[in-house]
>>> print(open('work.cif').read())   # mmCIF, C-alpha atoms
data_upload
#
loop_
_atom_site.group_PDB
_atom_site.id
_atom_site.type_symbol
_atom_site.label_atom_id
_atom_site.label_comp_id
_atom_site.auth_asym_id
_atom_site.auth_seq_id
_atom_site.Cartn_x
_atom_site.Cartn_y
_atom_site.Cartn_z
ATOM 1 C CA MET A 1 -31.221 -7.746 -15.074
ATOM 2 C CA THR A 2 -32.675 -9.461 -12.031
ATOM 3 C CA THR A 3 -32.076 -8.311 -8.465
ATOM 4 C CA TYR A 4 -29.754 -11.266 -8.062
ATOM 5 C CA ASP A 5 -27.724 -10.194 -11.110
ATOM 6 C CA ALA A 6 -27.568 -6.626 -9.804
ATOM 7 C CA SER A 7 -26.224 -7.928 -6.479
ATOM 8 C CA ARG A 8 -23.646 -9.983 -8.351
ATOM 9 C CA ALA A 9 -22.593 -6.896 -10.340
ATOM 10 C CA LYS A 10 -22.172 -4.945 -7.096
ATOM 11 C CA LEU A 11 -20.149 -7.831 -5.673
ATOM 12 C CA ASP A 12 -17.828 -7.717 -8.694
ATOM 13 C CA GLU A 13 -17.542 -3.942 -8.333
ATOM 14 C CA LEU A 14 -16.624 -4.251 -4.656
ATOM 15 C CA ARG A 15 -14.042 -6.917 -5.490
ATOM 16 C CA VAL A 16 -12.321 -4.675 -8.029
ATOM 17 C CA ASP A 17 -12.398 -1.684 -5.673
ATOM 18 C CA ALA A 18 -10.819 -3.830 -2.966
ATOM 19 C CA LEU A 19 -8.171 -5.090 -5.390
ATOM 20 C CA TYR A 20 -7.277 -1.515 -6.331
ATOM 21 C CA GLY A 21 -7.137 -0.535 -2.660
ATOM 22 C CA LYS A 22 -4.899 -3.500 -1.940
ATOM 23 C CA LYS A 23 -2.535 -2.679 -4.808
ATOM 24 C CA GLN A 24 -2.369 1.021 -3.912
ATOM 25 C CA HIS A 25 -1.499 0.337 -0.298
ATOM 26 C CA PHE A 26 1.066 -2.356 -1.102
ATOM 27 C CA ASN A 27 2.621 0.114 -3.566
ATOM 28 C CA ALA A 28 2.671 2.840 -0.895
ATOM 29 C CA ALA A 29 4.243 0.423 1.601
ATOM 30 C CA ASP A 30 6.954 -0.499 -0.920
ATOM 31 C CA ARG A 31 7.620 3.183 -1.668
ATOM 32 C CA LYS A 32 7.966 4.082 2.004
ATOM 33 C CA GLN A 33 10.174 1.072 2.732
ATOM 34 C CA ARG A 34 12.472 2.036 -0.159
ATOM 35 C CA CYS A 35 12.692 5.594 1.144
ATOM 36 C CA SER A 36 13.401 4.384 4.676
ATOM 37 C CA MET A 37 16.136 2.070 3.385
ATOM 38 C CA ARG A 38 17.756 4.841 1.334
ATOM 39 C CA LEU A 39 17.789 7.232 4.276
ATOM 40 C CA GLY A 40 19.087 4.530 6.621
ATOM 41 C CA ILE A 41 21.819 3.376 4.238
ATOM 42 C CA ALA A 42 22.905 6.963 3.558
ATOM 43 C CA ALA A 43 23.075 7.692 7.295
ATOM 44 C CA MET A 44 25.054 4.469 7.917
ATOM 45 C CA MET A 45 27.514 5.251 5.139
ATOM 46 C CA ILE A 46 28.035 8.791 6.369
ATOM 47 C CA ASN A 47 28.474 7.576 9.938
ATOM 48 C CA THR A 48 31.045 5.031 8.767
ATOM 49 C CA ILE A 49 32.995 7.727 6.926
ATOM 50 C CA LEU A 50 32.664 10.059 9.885
ATOM 51 C CA CYS A 51 33.910 7.417 12.314
ATOM 52 C CA SER A 52 36.898 6.783 10.051
ATOM 53 C CA LEU A 53 37.650 10.491 9.928
ATOM 54 C CA LEU A 54 37.351 10.866 13.682
ATOM 55 C CA PHE A 55 39.513 7.802 14.278
ATOM 56 C CA GLY A 56 42.107 9.262 11.925
ATOM 57 C CA LEU A 57 41.827 12.626 13.630
ATOM 58 C CA ALA A 58 42.500 11.036 16.995
ATOM 59 C CA SER A 59 45.586 9.226 15.717
ATOM 60 C CA SER A 60 47.184 12.054 13.747
ATOM 61 C CA THR A 61 46.708 15.647 12.881
ATOM 62 C CA PHE A 62 44.416 16.320 9.944
ATOM 63 C CA PRO A 63 44.350 19.452 7.847
ATOM 64 C CA GLU A 64 41.715 22.029 8.798
ATOM 65 C CA GLU A 65 39.552 21.076 5.746
ATOM 66 C CA MET A 66 39.185 17.517 7.005
ATOM 67 C CA LYS A 67 37.843 18.769 10.310
ATOM 68 C CA TRP A 68 35.198 20.795 8.465
ATOM 69 C CA ILE A 69 34.315 17.830 6.280
ATOM 70 C CA GLY A 70 33.868 15.703 9.412
ATOM 71 C CA ALA A 71 31.630 18.333 10.992
ATOM 72 C CA ALA A 72 29.545 18.633 7.788
ATOM 73 C CA LEU A 73 29.134 14.855 7.558
ATOM 74 C CA ALA A 74 28.073 14.692 11.202
ATOM 75 C CA LEU A 75 25.453 17.365 10.518
ATOM 76 C CA VAL A 76 24.136 15.574 7.394
ATOM 77 C CA SER A 77 24.027 12.219 9.177
ATOM 78 C CA THR A 78 22.144 13.721 12.102
ATOM 79 C CA GLY A 79 19.716 15.338 9.658
ATOM 80 C CA LEU A 80 19.093 12.076 7.795
ATOM 81 C CA THR A 81 18.568 10.133 11.003
ATOM 82 C CA GLY A 82 16.240 12.837 12.313
ATOM 83 C CA LEU A 83 14.295 12.865 9.048
ATOM 84 C CA GLN A 84 13.935 9.101 9.120
ATOM 85 C CA THR A 85 12.645 9.278 12.692
ATOM 86 C CA PHE A 86 10.321 12.200 11.948
ATOM 87 C CA LEU A 87 8.783 10.616 8.842
ATOM 88 C CA ASN A 88 8.353 7.275 10.633
ATOM 89 C CA LEU A 89 8.410 5.538 7.275
ATOM 90 C CA GLN A 90 8.671 2.009 8.626
ATOM 91 C CA LYS A 91 5.548 2.421 10.762
ATOM 92 C CA ASP A 92 3.684 3.931 7.793
ATOM 93 C CA ALA A 93 4.775 1.043 5.573
ATOM 94 C CA GLU A 94 3.485 -1.457 8.126
ATOM 95 C CA GLY A 95 0.160 0.408 8.316
ATOM 96 C CA HIS A 96 -0.181 0.341 4.526
ATOM 97 C CA LYS A 97 0.452 -3.401 4.530
ATOM 98 C CA ARG A 98 -2.239 -3.971 7.168
ATOM 99 C CA ILE A 99 -4.740 -1.920 5.149
ATOM 100 C CA ALA A 100 -3.735 -3.716 1.930
ATOM 101 C CA ASN A 101 -4.234 -7.111 3.571
ATOM 102 C CA ARG A 102 -7.691 -6.077 4.772
ATOM 103 C CA PHE A 103 -8.590 -5.036 1.210
ATOM 104 C CA LEU A 104 -7.210 -8.369 -0.003
ATOM 105 C CA SER A 105 -9.406 -10.221 2.486
ATOM 106 C CA ILE A 106 -12.498 -8.383 1.201
ATOM 107 C CA SER A 107 -11.544 -9.126 -2.391
ATOM 108 C CA LYS A 108 -11.113 -12.827 -1.643
ATOM 109 C CA GLU A 109 -14.448 -12.958 0.174
ATOM 110 C CA CYS A 110 -16.085 -11.328 -2.877
ATOM 111 C CA GLY A 111 -14.555 -14.050 -5.035
ATOM 112 C CA ARG A 112 -15.920 -16.758 -2.766
ATOM 113 C CA LEU A 113 -19.393 -15.202 -2.745
ATOM 114 C CA SER A 114 -19.276 -14.949 -6.513
ATOM 115 C CA ALA A 115 -18.425 -18.658 -6.724
ATOM 116 C CA TYR A 116 -21.297 -19.467 -4.361
ATOM 117 C CA TYR A 117 -23.569 -17.464 -6.649
ATOM 118 C CA GLN A 118 -22.411 -19.381 -9.699
ATOM 119 C CA ASP A 119 -22.853 -22.693 -7.870
ATOM 120 C CA GLY A 120 -26.370 -21.720 -6.841
ATOM 121 C CA VAL A 121 -25.551 -22.046 -3.128
ATOM 122 C CA TYR A 122 -26.883 -18.616 -2.121
ATOM 123 C CA LEU A 123 -30.416 -17.422 -2.411
ATOM 124 C CA PRO A 124 -30.728 -13.787 -3.498
ATOM 125 C CA GLU A 125 -31.518 -12.591 0.025
ATOM 126 C CA GLU A 126 -28.460 -14.326 1.514
ATOM 127 C CA LEU A 127 -26.208 -12.856 -1.184
ATOM 128 C CA ARG A 128 -27.547 -9.362 -0.438
ATOM 129 C CA LYS A 129 -26.901 -9.827 3.292
ATOM 130 C CA GLN A 130 -23.337 -10.938 2.655
ATOM 131 C CA LEU A 131 -22.804 -8.083 0.199
ATOM 132 C CA GLU A 132 -24.077 -5.546 2.748
ATOM 133 C CA SER A 133 -21.742 -6.949 5.376
ATOM 134 C CA LEU A 134 -18.771 -6.770 3.027
ATOM 135 C CA ALA A 135 -19.676 -3.245 1.909
ATOM 136 C CA LYS A 136 -19.700 -2.098 5.547
ATOM 137 C CA GLU A 137 -16.359 -3.765 6.137
ATOM 138 C CA TYR A 138 -14.989 -2.085 2.998
ATOM 139 C CA ASP A 139 -16.230 1.314 4.197
ATOM 140 C CA GLN A 140 -14.498 0.760 7.545
ATOM 141 C CA VAL A 141 -11.226 -0.156 5.836
ATOM 142 C CA CYS A 142 -11.489 2.987 3.697
ATOM 143 C CA MET A 143 -11.970 5.110 6.830
ATOM 144 C CA ASP A 144 -9.016 3.404 8.548
ATOM 145 C CA ALA A 145 -6.923 3.924 5.394
ATOM 146 C CA GLU A 146 -7.261 7.694 5.796
ATOM 147 C CA LEU A 147 -4.453 7.433 8.366
ATOM 148 C CA PHE A 148 -2.218 6.010 5.626
ATOM 149 C CA PRO A 149 -2.802 8.080 2.481
ATOM 150 C CA THR A 150 -1.563 6.946 -0.898
ATOM 151 C CA ASN A 151 -0.593 9.154 -3.817
ATOM 152 C CA LYS A 152 -1.420 9.251 -7.528
ATOM 153 C CA GLN A 153 1.702 7.290 -8.407
ATOM 154 C CA ASP A 154 0.562 4.445 -6.155
ATOM 155 C CA TYR A 155 -2.771 4.370 -8.011
ATOM 156 C CA TRP A 156 -1.166 4.606 -11.453
ATOM 157 C CA LYS A 157 1.236 1.817 -10.553
ATOM 158 C CA ALA A 158 -1.746 -0.286 -9.432
ATOM 159 C CA GLN A 159 -3.472 0.437 -12.737
ATOM 160 C CA ARG A 160 -0.373 -0.560 -14.718
ATOM 161 C CA GLY A 161 -0.183 -3.748 -12.645
ATOM 162 C CA PHE A 162 -3.765 -4.609 -13.524
ATOM 163 C CA LYS A 163 -3.200 -3.948 -17.210
ATOM 164 C CA SER A 164 -0.044 -6.065 -17.237
ATOM 165 C CA GLY A 165 -1.917 -9.042 -15.760
ATOM 166 C CA GLU A 166 -0.706 -8.920 -12.138
ATOM 167 C CA GLU A 167 -4.313 -9.375 -10.979
ATOM 168 C CA SER A 168 -7.138 -11.577 -12.194
ATOM 169 C CA TYR A 169 -10.231 -9.688 -13.312
ATOM 170 C CA THR A 170 -12.599 -9.492 -16.225
ATOM 171 C CA LYS A 171 -12.837 -6.620 -18.676
ATOM 172 C CA LYS A 172 -16.498 -6.307 -17.675
ATOM 173 C CA GLU A 173 -15.498 -5.818 -14.022
ATOM 174 C CA LEU A 174 -13.011 -3.103 -14.866
ATOM 175 C CA LYS A 175 -15.382 -1.431 -17.289
ATOM 176 C CA SER A 176 -17.981 -1.149 -14.531
ATOM 177 C CA GLN A 177 -15.379 0.878 -12.605
ATOM 178 C CA GLY A 178 -14.519 3.164 -15.515
ATOM 179 C CA ARG A 179 -10.961 1.874 -15.415
#
>>> encode(input="work.cif", output="structure tokens")
Amino acid sequence: MTTYDASRAKLDELRVDALYGKKQHFNAADRKQRCSMRLGIAAMMINTILCSLLFGLASSTFPEEMKWIGAALALVSTGLTGLQTFLNLQKDAEGHKRIANRFLSISKECGRLSAYYQDGVYLPEELRKQLESLAKEYDQVCMDAELFPTNKQDYWKAQRGFKSGEESYTKKELKSQGR
């Protein structure tokens, strides 16, 4: 393997790593958006029921049980709204999307560099320079991604997506990653 081929192999490796990072963070963003929606919808539904109960209470006399149900629903709704605010899921989802898009950008740049390699446009030294630049950018994205952690399910879902053909890669590229 020549130095040029070794650089190309590293470029392919970086591309796959970036694709996995992209998939993981898009999966995390989707998960957090779903959770935010569920909490928000539950809080809205409870508030709607609560408003109906309170409106009914104002217009007639309710049994004592209905008053307790209204108070319990108000407590649950407040808890859900507080949880949604505390978890800040929407902001986290947006952060995951930004990180995922940065990984996607790196992956696309790797693809372009690989095409330039195949077309003979880059000399080995220029390819190494570009690879170094991309590797530094990748490292920075990884450090920034620490603010938006993913979980094992996000990774496993990314892996399943790769295996089902959601992404374009070669078996050689994935084998070099032990995936």
>>> closest_residue(input="work.cif", among="A:Glu109, A:Glu13, A:Ala74, A:Trp68", to="Ile46 of chain A", atoms="all atoms listed in the file")
A:Ala74
>>> atom_distance(input="work.cif", atom1="atom CA of Phe26 of chain A", atom2="atom CA of Ile99 of chain A")
8.5 Å
>>> atom_distance(input="work.cif", atom1="atom CA of Leu11 of chain A", atom2="atom CA of Gly95 of chain A")
26.0 Å
>>> atom_distance(input="work.cif", atom1="atom CA of Ala28 of chain A", atom2="atom CA of Ala145 of chain A")
11.5 Å
>>> resolve_selection(input="work.cif", expression="the PyMOL selection byres ((chain A and resi 32) around 8)", output="VMD selection string")
chain A and resid 28 to 31 33 to 36 89 to 90 92 to 93
>>> closest_residue(input="work.cif", among="A:Arg128, A:Lys22, A:Lys108, A:Lys91", to="Ala9 of chain A", atoms="all atoms listed in the file")
A:Arg128
>>> closest_residue(input="work.cif", among="A:Glu65, A:Asp12, A:Asp17, A:Glu132", to="Tyr155 of chain A", atoms="only C-alpha atoms")
A:Asp17
>>> axis_aligned_box(input="work.cif", around="segment 41-54 of chain A", padding_each_side="6 Å", output="JSON")
{"center_x": 29.7, "center_y": 7.1, "center_z": 8.6, "size_x": 27.8, "size_y": 19.5, "size_z": 22.1}
>>> closest_residue(input="work.cif", among="A:Thr78, A:Asn47, A:Ser114, A:Asn27", to="Leu14 of chain A", atoms="only C-alpha atoms")
A:Ser114
>>> closest_residue(input="work.cif", among="A:Trp156, A:Phe103, A:Tyr116, A:Ala43", to="Leu75 of chain A", atoms="all atoms listed in the file")
A:Ala43
>>> resolve_selection(input="work.cif", expression="the PyMOL selection byres ((chain A and resi 150) around 9)", output="list in words")
Gln24, His25, Asn27, Ala28, His96, Ala145, Glu146, Phe148, Pro149, Asn151, Lys152, Gln153, Asp154 and Tyr155 of chain A
>>> write_last_selection(input="work.cif", atoms="C-alpha atoms", output="PDB file, keeping the file's coordinate frame")
ATOM      1  CA  GLN A  24      -2.369   1.021  -3.912  1.00  0.00           C
ATOM      2  CA  HIS A  25      -1.499   0.337  -0.298  1.00  0.00           C
ATOM      3  CA  ASN A  27       2.621   0.114  -3.566  1.00  0.00           C
ATOM      4  CA  ALA A  28       2.671   2.840  -0.895  1.00  0.00           C
ATOM      5  CA  HIS A  96      -0.181   0.341   4.526  1.00  0.00           C
ATOM      6  CA  ALA A 145      -6.923   3.924   5.394  1.00  0.00           C
ATOM      7  CA  GLU A 146      -7.261   7.694   5.796  1.00  0.00           C
ATOM      8  CA  PHE A 148      -2.218   6.010   5.626  1.00  0.00           C
ATOM      9  CA  PRO A 149      -2.802   8.080   2.481  1.00  0.00           C
ATOM     10  CA  ASN A 151      -0.593   9.154  -3.817  1.00  0.00           C
ATOM     11  CA  LYS A 152      -1.420   9.251  -7.528  1.00  0.00           C
ATOM     12  CA  GLN A 153       1.702   7.290  -8.407  1.00  0.00           C
ATOM     13  CA  ASP A 154       0.562   4.445  -6.155  1.00  0.00           C
ATOM     14  CA  TYR A 155      -2.771   4.370  -8.011  1.00  0.00           C
TER      15      TYR A 155
END
>>> residues_around(input="work.cif", residues="Met44 of chain A", least_positions_apart="5", cutoff="9 Å", atoms="only C-alpha atoms", output="list in words")
Leu39, Ile49 and Ser77 of chain A
>>> resolve_selection(input="work.cif", expression="the PyMOL selection byres ((chain A and resi 18) around 9)", output="NGL selection string")
:A and (13-17 or 19-23 or 100 or 102-107 or 138)
>>> decode(input="work.cif", residues="segment 5-32 of chain A", atoms="N, CA, C and O atoms", output="mmCIF file, in the first residue's frame")
data_model
loop_
_atom_site.group_PDB
_atom_site.id
_atom_site.type_symbol
_atom_site.label_atom_id
_atom_site.label_comp_id
_atom_site.auth_asym_id
_atom_site.auth_seq_id
_atom_site.Cartn_x
_atom_site.Cartn_y
_atom_site.Cartn_z
ATOM 1 N N ASP A 5 -2.424 5.553 -0.991
ATOM 2 C CA ASP A 5 -3.498 4.607 -0.691
ATOM 3 C C ASP A 5 -3.840 4.616 0.792
ATOM 4 O O ASP A 5 -5.006 4.499 1.169
ATOM 5 N N ALA A 6 -2.829 4.776 1.640
ATOM 6 C CA ALA A 6 -3.075 4.840 3.081
ATOM 7 C C ALA A 6 -3.877 6.099 3.412
ATOM 8 O O ALA A 6 -4.801 6.054 4.241
ATOM 9 N N SER A 7 -3.571 7.208 2.762
ATOM 10 C CA SER A 7 -4.337 8.439 2.975
ATOM 11 C C SER A 7 -5.780 8.252 2.521
ATOM 12 O O SER A 7 -6.721 8.705 3.177
ATOM 13 N N ARG A 8 -5.940 7.586 1.401
ATOM 14 C CA ARG A 8 -7.298 7.316 0.891
ATOM 15 C C ARG A 8 -8.064 6.428 1.865
ATOM 16 O O ARG A 8 -9.251 6.661 2.137
ATOM 17 N N ALA A 9 -7.414 5.433 2.449
ATOM 18 C CA ALA A 9 -8.067 4.560 3.422
ATOM 19 C C ALA A 9 -8.500 5.367 4.647
ATOM 20 O O ALA A 9 -9.599 5.179 5.172
ATOM 21 N N LYS A 10 -7.646 6.271 5.102
ATOM 22 C CA LYS A 10 -7.984 7.120 6.241
ATOM 23 C C LYS A 10 -9.143 8.050 5.894
ATOM 24 O O LYS A 10 -10.000 8.332 6.731
ATOM 25 N N LEU A 11 -9.176 8.522 4.667
ATOM 26 C CA LEU A 11 -10.269 9.373 4.204
ATOM 27 C C LEU A 11 -11.587 8.601 4.245
ATOM 28 O O LEU A 11 -12.603 9.111 4.722
ATOM 29 N N ASP A 12 -11.569 7.361 3.772
ATOM 30 C CA ASP A 12 -12.767 6.520 3.818
ATOM 31 C C ASP A 12 -13.200 6.256 5.261
ATOM 32 O O ASP A 12 -14.385 6.279 5.579
ATOM 33 N N GLU A 13 -12.227 6.032 6.126
ATOM 34 C CA GLU A 13 -12.513 5.794 7.542
ATOM 35 C C GLU A 13 -13.172 7.029 8.174
ATOM 36 O O GLU A 13 -14.161 6.915 8.892
ATOM 37 N N LEU A 14 -12.640 8.191 7.889
ATOM 38 C CA LEU A 14 -13.195 9.431 8.412
ATOM 39 C C LEU A 14 -14.614 9.649 7.891
ATOM 40 O O LEU A 14 -15.506 10.072 8.633
ATOM 41 N N ARG A 15 -14.835 9.329 6.632
ATOM 42 C CA ARG A 15 -16.167 9.478 6.039
ATOM 43 C C ARG A 15 -17.167 8.615 6.770
ATOM 44 O O ARG A 15 -18.265 9.063 7.124
ATOM 45 N N VAL A 16 -16.823 7.359 7.034
ATOM 46 C CA VAL A 16 -17.749 6.458 7.715
ATOM 47 C C VAL A 16 -17.986 6.916 9.150
ATOM 48 O O VAL A 16 -19.118 6.922 9.635
ATOM 49 N N ASP A 17 -16.927 7.337 9.840
ATOM 50 C CA ASP A 17 -17.098 7.854 11.197
ATOM 51 C C ASP A 17 -18.049 9.045 11.202
ATOM 52 O O ASP A 17 -18.911 9.164 12.069
ATOM 53 N N ALA A 18 -17.884 9.939 10.242
ATOM 54 C CA ALA A 18 -18.752 11.111 10.154
ATOM 55 C C ALA A 18 -20.191 10.710 9.842
ATOM 56 O O ALA A 18 -21.138 11.282 10.388
ATOM 57 N N LEU A 19 -20.364 9.707 8.981
ATOM 58 C CA LEU A 19 -21.714 9.234 8.681
ATOM 59 C C LEU A 19 -22.381 8.650 9.929
ATOM 60 O O LEU A 19 -23.559 8.894 10.185
ATOM 61 N N TYR A 20 -21.631 7.886 10.696
ATOM 62 C CA TYR A 20 -22.184 7.336 11.943
ATOM 63 C C TYR A 20 -22.526 8.464 12.916
ATOM 64 O O TYR A 20 -23.578 8.444 13.562
ATOM 65 N N GLY A 21 -21.637 9.443 13.038
ATOM 66 C CA GLY A 21 -21.923 10.575 13.918
ATOM 67 C C GLY A 21 -23.177 11.310 13.483
ATOM 68 O O GLY A 21 -24.020 11.680 14.306
ATOM 69 N N LYS A 22 -23.301 11.512 12.184
ATOM 70 C CA LYS A 22 -24.482 12.185 11.642
ATOM 71 C C LYS A 22 -25.741 11.409 11.992
ATOM 72 O O LYS A 22 -26.704 11.958 12.527
ATOM 73 N N LYS A 23 -25.732 10.113 11.717
ATOM 74 C CA LYS A 23 -26.916 9.277 11.975
ATOM 75 C C LYS A 23 -27.267 9.262 13.461
ATOM 76 O O LYS A 23 -28.435 9.381 13.822
ATOM 77 N N GLN A 24 -26.254 9.119 14.320
ATOM 78 C CA GLN A 24 -26.515 9.080 15.760
ATOM 79 C C GLN A 24 -27.180 10.374 16.224
ATOM 80 O O GLN A 24 -28.137 10.333 16.991
ATOM 81 N N HIS A 25 -26.668 11.498 15.778
ATOM 82 C CA HIS A 25 -27.205 12.764 16.249
ATOM 83 C C HIS A 25 -28.567 13.082 15.641
ATOM 84 O O HIS A 25 -29.419 13.662 16.322
ATOM 85 N N PHE A 26 -28.816 12.687 14.399
ATOM 86 C CA PHE A 26 -30.162 12.845 13.856
ATOM 87 C C PHE A 26 -31.133 11.931 14.612
ATOM 88 O O PHE A 26 -32.269 12.329 14.897
ATOM 89 N N ASN A 27 -30.694 10.728 14.961
ATOM 90 C CA ASN A 27 -31.544 9.827 15.745
ATOM 91 C C ASN A 27 -31.842 10.420 17.119
ATOM 92 O O ASN A 27 -32.981 10.360 17.598
ATOM 93 N N ALA A 28 -30.834 10.983 17.768
ATOM 94 C CA ALA A 28 -31.031 11.605 19.083
ATOM 95 C C ALA A 28 -31.991 12.792 18.971
ATOM 96 O O ALA A 28 -32.853 12.985 19.836
ATOM 97 N N ALA A 29 -31.833 13.588 17.920
ATOM 98 C CA ALA A 29 -32.729 14.737 17.722
ATOM 99 C C ALA A 29 -34.169 14.259 17.551
ATOM 100 O O ALA A 29 -35.090 14.820 18.157
ATOM 101 N N ASP A 30 -34.372 13.220 16.749
ATOM 102 C CA ASP A 30 -35.716 12.672 16.552
ATOM 103 C C ASP A 30 -36.294 12.173 17.870
ATOM 104 O O ASP A 30 -37.462 12.415 18.182
ATOM 105 N N ARG A 31 -35.477 11.474 18.653
ATOM 106 C CA ARG A 31 -35.931 10.922 19.935
ATOM 107 C C ARG A 31 -36.359 12.048 20.870
ATOM 108 O O ARG A 31 -37.414 11.989 21.495
ATOM 109 N N LYS A 32 -35.564 13.092 20.954
ATOM 110 C CA LYS A 32 -35.885 14.191 21.864
ATOM 111 C C LYS A 32 -37.093 14.990 21.370
ATOM 112 O O LYS A 32 -37.902 15.452 22.172
#
